[in-house]
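Heads up, my_file_10.csv below (CSV, C-alpha atoms):
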```csv
chain,number,residue,atom,x,y,z
A,1,MET,CA,81.0,-12.8,33.9
A,2,ILE,CA,79.3,-13.8,37.1
A,3,SER,CA,81.5,-16.4,38.9
A,4,SER,CA,80.1,-19.2,41.0
A,5,LYS,CA,79.6,-17.6,44.4
A,6,ALA,CA,78.5,-20.4,46.7
A,7,PHE,CA,76.6,-18.2,49.1
A,8,PHE,CA,75.0,-16.2,46.3
A,9,ILE,CA,73.7,-19.4,44.6
A,10,PHE,CA,72.5,-20.8,47.9
A,11,LEU,CA,70.6,-17.6,48.7
A,12,LEU,CA,69.0,-17.4,45.3
A,13,SER,CA,68.0,-21.1,45.4
A,14,PHE,CA,66.5,-20.7,48.9
A,15,LEU,CA,64.5,-17.6,47.9
A,16,ILE,CA,63.3,-19.1,44.7
A,17,SER,CA,62.0,-22.2,46.5
A,18,PHE,CA,60.4,-20.0,49.2
A,19,LEU,CA,58.6,-17.9,46.5
A,20,HIS,CA,57.4,-21.1,44.7
A,21,SER,CA,56.0,-22.5,47.9
A,22,PHE,CA,53.8,-19.4,48.2
A,23,GLU,CA,52.9,-19.5,44.5
A,24,ILE,CA,54.3,-16.1,43.9
A,25,PHE,CA,55.7,-17.8,40.8
A,26,SER,CA,52.4,-19.0,39.4
A,27,GLN,CA,51.5,-21.5,36.7
A,28,GLN,CA,52.4,-18.7,34.2
A,29,ASN,CA,56.0,-20.0,34.6
A,30,ILE,CA,56.5,-23.0,32.4
A,31,ASN,CA,59.6,-25.2,32.8
A,32,SER,CA,60.3,-27.0,29.6
A,33,GLY,CA,63.0,-28.1,27.2
A,34,PHE,CA,64.0,-30.2,24.2
A,35,PHE,CA,66.8,-32.3,22.9
A,36,TYR,CA,69.1,-30.3,20.6
A,37,SER,CA,72.5,-31.3,19.1
A,38,GLY,CA,73.3,-34.0,21.7
A,39,ASN,CA,72.1,-32.0,24.8
A,40,ASN,CA,68.9,-31.7,26.7
A,41,ARG,CA,68.3,-27.9,26.6
A,42,THR,CA,66.0,-26.4,29.3
A,43,TYR,CA,64.3,-23.1,29.7
A,44,ILE,CA,61.7,-21.2,31.8
A,45,LEU,CA,59.0,-19.4,29.8
A,46,HIS,CA,57.0,-16.7,31.6
A,47,VAL,CA,53.5,-16.1,30.1
A,48,PRO,CA,51.7,-13.0,31.4
A,49,ALA,CA,48.3,-13.5,32.9
A,50,ASN,CA,46.7,-11.3,30.2
A,51,TYR,CA,47.9,-13.4,27.3
A,52,SER,CA,44.9,-14.8,25.3
A,53,GLY,CA,46.5,-16.0,22.1
A,54,MET,CA,44.2,-13.8,20.1
A,55,GLU,CA,46.9,-11.2,19.3
A,56,LYS,CA,50.5,-11.5,18.3
A,57,VAL,CA,52.8,-10.6,21.2
A,58,PRO,CA,56.6,-9.8,21.5
A,59,LEU,CA,59.1,-12.3,22.8
A,60,VAL,CA,62.2,-11.4,24.9
A,61,LEU,CA,65.1,-13.8,25.4
A,62,ASN,CA,66.8,-13.1,28.8
A,63,LEU,CA,70.2,-14.8,29.1
A,64,HIS,CA,72.0,-15.5,32.4
A,65,GLY,CA,75.7,-14.9,33.2
A,66,TYR,CA,78.5,-17.3,33.6
A,67,GLY,CA,78.0,-19.8,36.4
A,68,SER,CA,74.4,-18.7,36.8
A,69,SER,CA,71.1,-20.2,35.6
A,70,ALA,CA,67.7,-19.4,34.1
A,71,ASN,CA,66.1,-19.5,37.6
A,72,GLN,CA,68.6,-17.0,39.0
A,73,GLN,CA,68.3,-14.6,36.0
A,74,GLN,CA,64.5,-14.7,36.3
A,75,PHE,CA,64.6,-13.9,40.0
A,76,TYR,CA,67.4,-11.3,39.8
A,77,SER,CA,66.3,-9.3,36.8
A,78,MET,CA,62.6,-9.3,37.8
A,79,MET,CA,61.6,-8.9,34.2
A,80,ASP,CA,58.4,-10.9,34.8
A,81,ILE,CA,56.9,-7.9,36.5
A,82,ILE,CA,57.5,-5.8,33.3
A,83,SER,CA,56.2,-8.7,31.2
A,84,ASP,CA,52.9,-8.9,33.2
A,85,THR,CA,52.3,-5.2,32.6
A,86,ALA,CA,53.4,-4.8,29.0
A,87,GLY,CA,52.0,-8.2,27.8
A,88,PHE,CA,55.1,-9.7,26.2
A,89,LEU,CA,56.5,-13.3,26.8
A,90,VAL,CA,60.0,-13.7,28.3
A,91,VAL,CA,62.1,-16.8,28.1
A,92,TYR,CA,65.0,-17.6,30.3
A,93,PRO,CA,67.2,-20.3,28.7
A,94,ASP,CA,69.8,-22.4,30.5
A,95,ALA,CA,73.3,-22.6,29.0
A,96,VAL,CA,75.0,-26.1,29.1
A,97,ASN,CA,77.2,-26.2,32.2
A,98,SER,CA,76.3,-22.5,32.7
A,99,VAL,CA,78.6,-21.4,29.8
A,100,TRP,CA,77.4,-19.7,26.7
A,101,ASP,CA,79.1,-20.3,23.3
A,102,THR,CA,80.6,-16.8,23.1
A,103,VAL,CA,83.7,-17.9,21.1
A,104,PHE,CA,86.2,-17.0,23.8
A,105,SER,CA,84.6,-19.6,26.1
A,106,ASN,CA,85.9,-22.4,23.8
A,107,SER,CA,82.5,-24.0,24.1
A,108,THR,CA,81.7,-26.8,21.6
A,109,ILE,CA,77.9,-26.1,22.0
A,110,ASN,CA,76.0,-24.5,19.2
A,111,ASP,CA,74.0,-21.9,21.2
A,112,VAL,CA,73.1,-19.7,18.2
A,113,GLY,CA,71.4,-22.8,16.7
A,114,PHE,CA,69.7,-23.7,20.0
A,115,LEU,CA,68.3,-20.2,20.6
A,116,SER,CA,67.1,-20.0,17.0
A,117,VAL,CA,65.2,-23.3,17.5
A,118,LEU,CA,64.0,-22.0,20.9
A,119,ILE,CA,62.3,-19.1,19.1
A,120,ASP,CA,60.7,-21.5,16.7
A,121,THR,CA,59.5,-23.8,19.5
A,122,ILE,CA,57.8,-21.0,21.4
A,123,SER,CA,56.4,-19.5,18.2
A,124,LYS,CA,54.7,-22.9,17.4
A,125,ASN,CA,52.9,-22.9,20.7
A,126,TYR,CA,52.2,-19.2,21.2
A,127,ASN,CA,51.1,-16.3,19.0
A,128,ILE,CA,54.5,-14.6,18.7
A,129,ASP,CA,55.1,-11.5,16.6
A,130,SER,CA,58.1,-12.5,14.5
A,131,SER,CA,59.0,-8.9,13.9
A,132,ARG,CA,59.3,-8.2,17.7
A,133,VAL,CA,61.7,-10.8,19.0
A,134,TYR,CA,64.5,-9.4,21.2
A,135,SER,CA,67.5,-10.5,23.3
A,136,THR,CA,69.0,-9.2,26.5
A,137,GLY,CA,71.5,-10.7,28.9
A,138,LEU,CA,73.8,-10.2,31.9
A,139,SER,CA,77.6,-10.5,31.6
A,140,MET,CA,78.3,-13.6,29.5
A,141,GLY,CA,74.6,-13.5,28.6
A,142,GLY,CA,75.3,-10.0,27.2
A,143,PHE,CA,78.3,-11.3,25.2
A,144,MET,CA,75.9,-14.0,23.8
A,145,THR,CA,73.3,-11.4,23.1
A,146,TYR,CA,75.7,-9.4,20.9
A,147,ARG,CA,76.5,-12.6,19.0
A,148,LEU,CA,72.8,-13.2,18.4
A,149,GLY,CA,72.3,-9.6,17.2
A,150,CYS,CA,74.9,-10.3,14.5
A,151,GLU,CA,74.3,-13.9,13.5
A,152,LEU,CA,70.5,-13.9,13.9
A,153,SER,CA,70.0,-10.3,12.6
A,154,ASN,CA,67.1,-11.7,10.4
A,155,ARG,CA,65.3,-12.8,13.6
A,156,ILE,CA,66.3,-10.4,16.4
A,157,ALA,CA,64.9,-6.9,16.2
A,158,ALA,CA,67.0,-5.2,18.9
A,159,ILE,CA,69.5,-6.2,21.6
A,160,ALA,CA,70.3,-5.0,25.1
A,161,SER,CA,73.3,-6.0,27.3
A,162,VAL,CA,74.1,-5.4,30.9
A,163,ALA,CA,77.9,-5.7,31.7
A,164,GLY,CA,78.6,-7.9,28.7
A,165,PRO,CA,80.3,-6.4,25.6
A,166,VAL,CA,81.7,-8.3,22.6
A,167,ILE,CA,85.0,-9.9,22.1
A,168,THR,CA,87.7,-7.9,20.2
A,169,PRO,CA,87.7,-10.2,17.1
A,170,PHE,CA,84.0,-9.2,16.7
A,171,PHE,CA,85.1,-6.0,14.9
A,172,ASN,CA,86.9,-8.1,12.2
A,173,GLU,CA,84.7,-11.2,12.0
A,174,TYR,CA,81.3,-9.6,11.6
A,175,ASN,CA,80.6,-7.5,8.5
A,176,LEU,CA,77.3,-5.9,9.6
A,177,THR,CA,75.3,-5.0,6.6
A,178,GLN,CA,72.4,-3.3,8.5
A,179,PRO,CA,71.9,-1.2,11.6
A,180,ILE,CA,71.2,-3.0,14.9
A,181,PRO,CA,69.4,-1.1,17.7
A,182,VAL,CA,71.6,-1.5,20.7
A,183,LEU,CA,71.3,-0.6,24.4
A,184,HIS,CA,74.3,-1.2,26.7
A,185,ILE,CA,74.6,-0.7,30.5
A,186,HIS,CA,78.0,-0.8,32.2
A,187,GLY,CA,79.5,0.2,35.5
A,188,THR,CA,82.8,2.1,35.5
A,189,ALA,CA,83.9,0.2,38.6
A,190,ASP,CA,83.1,-3.3,37.1
A,191,SER,CA,85.9,-5.5,38.4
A,192,THR,CA,84.8,-8.5,36.3
A,193,ILE,CA,84.3,-7.1,32.8
A,194,PHE,CA,86.5,-4.0,33.0
A,195,TYR,CA,85.0,-0.8,31.6
A,196,ASN,CA,88.3,0.1,29.9
A,197,GLY,CA,88.6,-3.3,28.2
A,198,GLY,CA,90.3,-6.5,29.1
A,199,GLY,CA,92.3,-7.9,26.2
A,200,ILE,CA,89.7,-10.1,24.7
A,201,TRP,CA,87.0,-7.4,24.8
A,202,PRO,CA,87.3,-3.7,23.9
A,203,SER,CA,86.6,-0.8,26.1
A,204,VAL,CA,82.9,0.1,26.5
A,205,GLU,CA,83.4,3.4,24.8
A,206,THR,CA,85.1,1.7,21.8
A,207,LEU,CA,82.1,-0.7,21.7
A,208,ILE,CA,79.6,2.2,21.7
A,209,ASN,CA,81.5,4.1,19.0
A,210,TYR,CA,81.5,1.0,16.8
A,211,PHE,CA,77.7,0.7,16.8
A,212,VAL,CA,77.3,4.5,16.5
A,213,ASN,CA,79.4,4.5,13.4
A,214,LYS,CA,77.8,1.3,12.0
A,215,ASN,CA,74.3,2.7,12.5
A,216,ASN,CA,75.3,6.2,11.3
A,217,CYS,CA,74.0,7.9,14.4
A,218,PRO,CA,73.9,11.6,15.2
A,219,LEU,CA,75.7,13.2,18.2
A,220,PRO,CA,74.2,12.0,21.5
A,221,ASP,CA,71.9,13.7,23.9
A,222,SER,CA,73.1,13.1,27.5
A,223,THR,CA,70.8,12.9,30.5
A,224,ILE,CA,71.8,12.7,34.1
A,225,ILE,CA,69.6,10.1,35.8
A,226,PRO,CA,68.1,11.6,39.0
A,227,ASN,CA,70.1,10.3,42.0
A,228,ILE,CA,67.0,9.0,43.9
A,229,ASN,CA,68.9,6.5,46.0
A,230,ASN,CA,71.8,7.9,48.0
A,231,SER,CA,72.7,4.5,49.5
A,232,ASP,CA,73.8,2.8,46.3
A,233,SER,CA,77.2,4.6,46.1
A,234,SER,CA,76.7,5.1,42.4
A,235,SER,CA,75.0,7.4,39.8
A,236,ALA,CA,74.0,7.1,36.2
A,237,ILE,CA,74.2,9.0,32.9
A,238,LYS,CA,72.2,8.1,29.8
A,239,TYR,CA,73.6,8.8,26.3
A,240,HIS,CA,71.1,8.5,23.5
A,241,TYR,CA,72.3,8.3,20.0
A,242,GLY,CA,69.4,8.4,17.5
A,243,PHE,CA,67.4,8.0,15.7
A,244,CYS,CA,70.0,6.5,13.3
A,245,ASP,CA,69.7,4.8,9.9
A,246,ASP,CA,66.6,2.7,9.4
A,247,SER,CA,65.2,4.2,12.6
A,248,SER,CA,67.8,2.3,14.7
A,249,GLU,CA,69.4,3.9,17.8
A,250,VAL,CA,72.1,3.3,20.3
A,251,ILE,CA,71.6,3.9,24.0
A,252,PHE,CA,74.3,3.8,26.7
A,253,TYR,CA,73.8,3.9,30.4
A,254,LYS,CA,77.1,4.7,32.1
A,255,ILE,CA,77.0,3.7,35.8
A,256,LEU,CA,79.5,5.8,37.7
A,257,ASN,CA,81.1,3.6,40.3
A,258,GLY,CA,78.7,0.8,39.4
A,259,GLY,CA,79.7,-2.8,39.6
A,260,HIS,CA,79.1,-6.0,37.7
A,261,THR,CA,75.4,-5.9,38.5
A,262,TRP,CA,71.9,-5.4,37.0
A,263,PRO,CA,70.6,-1.9,38.0
A,264,GLY,CA,67.5,-2.3,40.0
A,265,GLY,CA,68.1,-6.0,40.5
A,266,LEU,CA,66.1,-7.6,43.3
A,267,ILE,CA,69.1,-8.1,45.7
A,268,ASN,CA,72.5,-6.6,46.2
A,269,ILE,CA,75.5,-8.7,45.5
A,270,PRO,CA,78.3,-7.0,47.4
A,271,SER,CA,81.1,-9.2,46.0
A,272,LEU,CA,80.2,-7.9,42.5
A,273,GLY,CA,80.2,-4.2,43.3
A,274,ASN,CA,77.6,-1.5,43.7
A,275,THR,CA,74.1,-2.1,42.3
A,276,ASN,CA,72.6,1.2,41.0
A,277,ARG,CA,69.1,1.8,42.1
A,278,ASP,CA,68.3,5.1,40.4
A,279,PHE,CA,66.6,3.3,37.5
A,280,ASN,CA,65.3,-0.2,36.7
A,281,ALA,CA,67.3,-1.9,33.9
A,282,SER,CA,64.5,-4.3,33.0
A,283,LEU,CA,62.0,-1.5,32.6
A,284,GLU,CA,64.4,0.6,30.5
A,285,ILE,CA,65.3,-2.4,28.3
A,286,TRP,CA,61.7,-3.0,27.5
A,287,ASP,CA,61.0,0.7,26.9
A,288,PHE,CA,63.8,0.5,24.4
A,289,PHE,CA,62.7,-2.8,22.8
A,290,LYS,CA,59.1,-1.8,22.2
A,291,ARG,CA,60.2,1.0,19.8
A,292,HIS,CA,61.8,-1.4,17.4
A,293,ARG,CA,60.5,-4.0,14.9
A,294,LEU,CA,62.5,-6.2,12.6
A,295,GLN,CA,62.7,-4.3,9.3
A,296,VAL,CA,61.7,-7.0,6.8
A,297,PRO,CA,59.9,-6.1,3.6
A,298,ALA,CA,56.6,-7.7,2.8
A,299,THR,CA,58.4,-9.8,0.1
A,300,GLY,CA,60.3,-11.5,2.9
A,301,ASN,CA,63.6,-10.6,1.2
A,302,LYS,CA,65.5,-8.5,3.7
A,303,ASN,CA,66.5,-5.0,2.5
A,304,VAL,CA,65.0,-5.4,-0.9
A,305,GLY,CA,63.8,-2.0,-2.2
A,306,PHE,CA,65.0,0.0,0.9
A,307,ASN,CA,67.0,2.3,-1.3
A,308,GLU,CA,64.6,2.7,-4.2
A,309,LYS,CA,63.1,6.2,-4.8
A,310,GLY,CA,59.5,5.2,-4.5
A,311,PHE,CA,58.4,8.3,-2.5
A,312,GLN,CA,59.1,12.0,-2.0
A,313,VAL,CA,58.6,14.1,1.1
A,314,TYR,CA,58.8,17.9,1.0
A,315,PRO,CA,59.8,20.2,2.3
A,316,ASN,CA,62.2,18.6,4.7
A,317,PRO,CA,63.0,20.2,7.1
A,318,ASN,CA,59.5,21.8,7.5
A,319,ASN,CA,57.2,23.6,9.8
A,320,GLY,CA,55.1,20.6,10.5
A,321,VAL,CA,53.0,20.9,7.3
A,322,PHE,CA,54.3,19.0,4.3
A,323,LYS,CA,53.4,16.6,1.5
A,324,LEU,CA,54.2,13.0,0.8
A,325,ASN,CA,54.1,11.6,-2.7
A,326,VAL,CA,54.3,7.9,-3.1
A,327,SER,CA,54.5,5.5,-6.0
A,328,ASP,CA,51.7,2.9,-6.6
A,329,LYS,CA,53.7,0.2,-4.8
A,330,PHE,CA,53.0,2.0,-1.5
A,331,LEU,CA,49.2,2.3,-2.0
A,332,GLY,CA,47.3,0.3,0.6
A,333,ASN,CA,50.2,0.2,3.1
A,334,HIS,CA,50.1,1.7,6.5
A,335,LEU,CA,51.8,5.0,7.2
A,336,THR,CA,52.9,6.0,10.7
A,337,PHE,CA,54.9,9.0,11.9
A,338,TYR,CA,56.7,8.6,15.3
A,339,ASN,CA,58.4,11.1,17.6
A,340,LEU,CA,61.8,10.4,19.2
A,341,PHE,CA,60.0,8.5,22.1
A,342,GLY,CA,58.4,6.1,19.7
A,343,THR,CA,54.9,7.6,20.1
A,344,ALA,CA,52.8,7.7,17.0
A,345,VAL,CA,51.7,11.3,16.1
A,346,PHE,CA,50.1,10.5,12.8
A,347,GLU,CA,49.0,7.3,11.1
A,348,GLY,CA,46.7,6.0,8.4
A,349,VAL,CA,46.3,3.8,5.3
A,350,ILE,CA,47.9,5.2,2.1
A,351,LYS,CA,44.9,5.6,-0.3
A,352,TYR,CA,46.2,8.3,-2.7
A,353,PRO,CA,49.6,9.0,-4.3
A,354,GLU,CA,49.7,12.5,-2.7
A,355,ILE,CA,49.1,13.0,1.0
A,356,ASP,CA,49.0,16.1,3.0
A,357,ILE,CA,50.6,15.7,6.5
A,358,ASP,CA,50.1,18.1,9.4
A,359,ILE,CA,52.0,17.5,12.6
A,360,SER,CA,52.3,21.3,13.3
A,361,GLY,CA,50.9,20.7,16.7
A,362,GLN,CA,53.9,18.6,17.7
A,363,PRO,CA,57.1,20.1,19.2
A,364,GLU,CA,60.0,20.9,16.9
A,365,GLY,CA,62.5,18.0,16.5
A,366,ILE,CA,63.3,14.8,14.7
A,367,TYR,CA,60.5,12.5,13.6
A,368,PHE,CA,60.5,9.4,11.4
A,369,PHE,CA,57.9,7.7,9.3
A,370,GLN,CA,57.4,4.1,8.4
A,371,PHE,CA,55.6,2.4,5.6
A,372,SER,CA,54.4,-1.0,6.8
A,373,ALA,CA,52.4,-4.0,5.5
A,374,GLY,CA,51.0,-6.1,8.3
A,375,ASN,CA,53.9,-6.7,10.8
A,376,HIS,CA,56.6,-5.9,8.2
A,377,ILE,CA,58.3,-2.5,7.9
A,378,ILE,CA,58.9,-1.7,4.3
A,379,TYR,CA,60.7,1.6,4.6
A,380,SER,CA,61.6,4.1,7.3
A,381,GLN,CA,63.2,7.5,7.2
A,382,LYS,CA,63.8,10.6,9.4
A,383,ILE,CA,62.1,13.9,8.9
A,384,ILE,CA,62.9,17.2,10.7
A,385,ARG,CA,60.0,19.3,12.0
```
Show me this structure written as structure tokens.
Amino acid sequence: MISSKAFFIFLLSFLISFLHSFEIFSQQNINSGFFYSGNNRTYILHVPANYSGMEKVPLVLNLHGYGSSANQQQFYSMMDIISDTAGFLVVYPDAVNSVWDTVFSNSTINDVGFLSVLIDTISKNYNIDSSRVYSTGLSMGGFMTYRLGCELSNRIAAIASVAGPVITPFFNEYNLTQPIPVLHIHGTADSTIFYNGGGIWPSVETLINYFVNKNNCPLPDSTIIPNINNSDSSSAIKYHYGFCDDSSEVIFYKILNGGHTWPGGLINIPSLGNTNRDFNASLEIWDFFKRHRLQVPATGNKNVGFNEKGFQVYPNPNNGVFKLNVSDKFLGNHLTFYNLFGTAVFEGVIKYPEIDIDISGQPEGIYFFQFSAGNHIIYSQKIIR
């Protein structure tokens, strides 16, 4: 968790004021708040310039670390730049006294309730896609993000944490009944939240294995991130587990010799260790988020019918040409086939009970298809080409 570093806070405050004076932070940033459970809760909402309100857009919660603030997290993570390009809204909430209710903090504040109401508040004023609400955070904000992923699993479609795992009792307290798409970034030289665990939190690898098992993921593909910056004294490896059950996935960025920092963050914080600059965490987090929607059936009753045999796909595996037979309940729904990168390779409306599918022009590998009605995913399953 980021401690209160006087110089760091002074520097950030000065730079934020400087940028505001030149209107680099434009009217698209809305400082607002509301009274909740005895406290005045504040937040910064960034609305991209291309937002028109005509179409539903995703919402990302970006939570600051211990002793930090919404202003500093907005400035440090630079997620507004990604928001402006991709067209999603991003909100930076403030914790009371800069401490999130992560159980081990002994906070008496109901932050899960606050953040749920915050989602409602923004959704009343903006055209938010309720199936595409996500949470990310740094350090204690990462701890809080994991809590949201479990306790607001009916609202949060995917979570991403930088240098903030979960507390050890998590493994006993939370009985996860459904897969949660998870992305985690952690430095092996993190001297604040130790990579190998710290008593109240497990080792990072124990954390990853927990979600890999819960999501029923396959063995990972590992990718060495090109070391494009030789001055950051660190390097990175990406482990991709997926796709897993219900089209979830687990992604882990292991930052070799990385500190308690946000890769690609705007400034270096020497007291917190090395900041990896071989990739941009904000960009990778959004690239991960955009592949996932909350899997809620059209009935609104989560997981109803997910295990019913209402379709048949054969042969599977196949050579790219196969048949899909569906029951009447799927007629009129939307059908989409995706590759591992989340790109649609086939889509259309289901008009007939038997459909011929041809993706033979696509490379061999794992694909997955989704039945959807409006913004709601009804069913999802893997297929091998």
Which residue, A:Val313, A:Leu219, A:Ile285, A:Ile167, has the smallest gap to A:Ile82 when you use all atoms listed in the file?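 Smallest distance to A:Ile82 is found for A:Ile285.
When atom CA of A:Ile228 is paired with atom CA of A:Asn276, their separation reads 10.0 Å.
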Nearest-residue call for A:Phe75, choices A:Asn127, A:Gly264, A:Asp358, A:Phe88, using all atoms listed in the file: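 Checking each candidate against A:Phe75, we get A:Gly264 as the closest.
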So which residues touch A:Asp120 within 12 Å, counting all atoms listed in the file, skipping near sequence neighbours fewer than 6 positions away, as a list in words?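 So, after excluding close chain neighbours, the residues are Phe34, Leu59, Gly113, Phe114, Tyr126, Asn127, Ile128, Asp129, Ser130, Val133 and Arg155 of chain A.
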Can you list, as a list of chain:residue names, every protein, DNA or RNA residue that comes within 9 Å of A:Asn196 when you count all atoms listed in the file, leaving out same-chain residues fewer than 6 positions away? A:Thr188, A:Pro202, A:Ser203, A:Val204, A:Glu205, A:Thr206
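Closest to A:Gly137 among A:Ala157, A:Ile384, A:Leu61, A:Val166 is A:Leu61, based on only C-alpha atoms.
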Can you tell me, as a ChimeraX atom specification, what residues are no more than 12 Å from A:Tyr367 when counting only C-alpha atoms, ignoring any on the same chain fewer than 3 positions away? /A:242-244,247,316-318,320,336-346,359,362-364,370,380-385
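Going from atom CA of A:Val91 over to atom CA of A:Leu45, you cover 4.4 Å.
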Hey, can you check how far atom CA of A:Ile185 sits from atom CA of A:Ile255? 7.3 Å
Could you complete stretch 94-113 of chain A so that it carries N, CA and C atoms, and give it back as a short mmCIF file (atom, residue, chain, number, x, y, z; two decimals), in the frame of the given file?
```cif
data_model
loop_
_atom_site.label_atom_id
_atom_site.label_comp_id
_atom_site.auth_asym_id
_atom_site.auth_seq_id
_atom_site.Cartn_x
_atom_site.Cartn_y
_atom_site.Cartn_z
N ASP A 94 68.66 -21.94 29.72
CA ASP A 94 69.80 -22.40 30.50
C ASP A 94 70.96 -22.72 29.48
N ALA A 95 72.16 -22.23 29.77
CA ALA A 95 73.30 -22.60 29.00
C ALA A 95 73.82 -24.00 29.51
N VAL A 96 74.45 -24.77 28.65
CA VAL A 96 75.00 -26.10 29.10
C VAL A 96 76.20 -25.79 29.98
N ASN A 97 76.13 -26.36 31.18
CA ASN A 97 77.20 -26.20 32.20
C ASN A 97 77.34 -24.68 32.54
N SER A 98 76.28 -23.90 32.36
CA SER A 98 76.30 -22.50 32.70
C SER A 98 77.26 -21.65 31.89
N VAL A 99 77.64 -22.13 30.70
CA VAL A 99 78.60 -21.40 29.80
C VAL A 99 78.01 -21.26 28.45
N TRP A 100 77.86 -20.01 28.00
CA TRP A 100 77.40 -19.70 26.70
C TRP A 100 78.49 -19.84 25.63
N ASP A 101 78.11 -20.15 24.41
CA ASP A 101 79.10 -20.30 23.30
C ASP A 101 79.38 -18.86 22.77
N THR A 102 80.27 -18.17 23.48
CA THR A 102 80.60 -16.80 23.10
C THR A 102 81.97 -16.72 22.41
N VAL A 103 82.41 -17.80 21.80
CA VAL A 103 83.70 -17.90 21.10
C VAL A 103 84.84 -18.01 22.06
N PHE A 104 85.04 -16.98 22.91
CA PHE A 104 86.20 -17.00 23.80
C PHE A 104 86.02 -18.07 24.92
N SER A 105 84.80 -18.56 25.12
CA SER A 105 84.60 -19.60 26.10
C SER A 105 85.05 -20.96 25.69
N ASN A 106 85.42 -21.08 24.40
CA ASN A 106 85.90 -22.40 23.80
C ASN A 106 84.83 -23.46 23.96
N SER A 107 83.58 -23.06 24.02
CA SER A 107 82.50 -24.00 24.10
C SER A 107 82.31 -24.74 22.77
N THR A 108 81.95 -26.00 22.82
CA THR A 108 81.70 -26.80 21.60
C THR A 108 80.16 -26.81 21.33
N ILE A 109 79.38 -26.07 22.12
CA ILE A 109 77.90 -26.10 22.00
C ILE A 109 77.48 -25.03 20.99
N ASN A 110 76.52 -25.39 20.16
CA ASN A 110 76.00 -24.50 19.20
C ASN A 110 74.79 -23.71 19.79
N ASP A 111 75.10 -22.66 20.56
CA ASP A 111 74.00 -21.90 21.20
C ASP A 111 73.24 -21.03 20.29
N VAL A 112 73.87 -20.54 19.22
CA VAL A 112 73.10 -19.70 18.20
C VAL A 112 72.02 -20.60 17.62
N GLY A 113 72.37 -21.84 17.26
CA GLY A 113 71.40 -22.80 16.70
C GLY A 113 70.30 -23.10 17.72
#
```
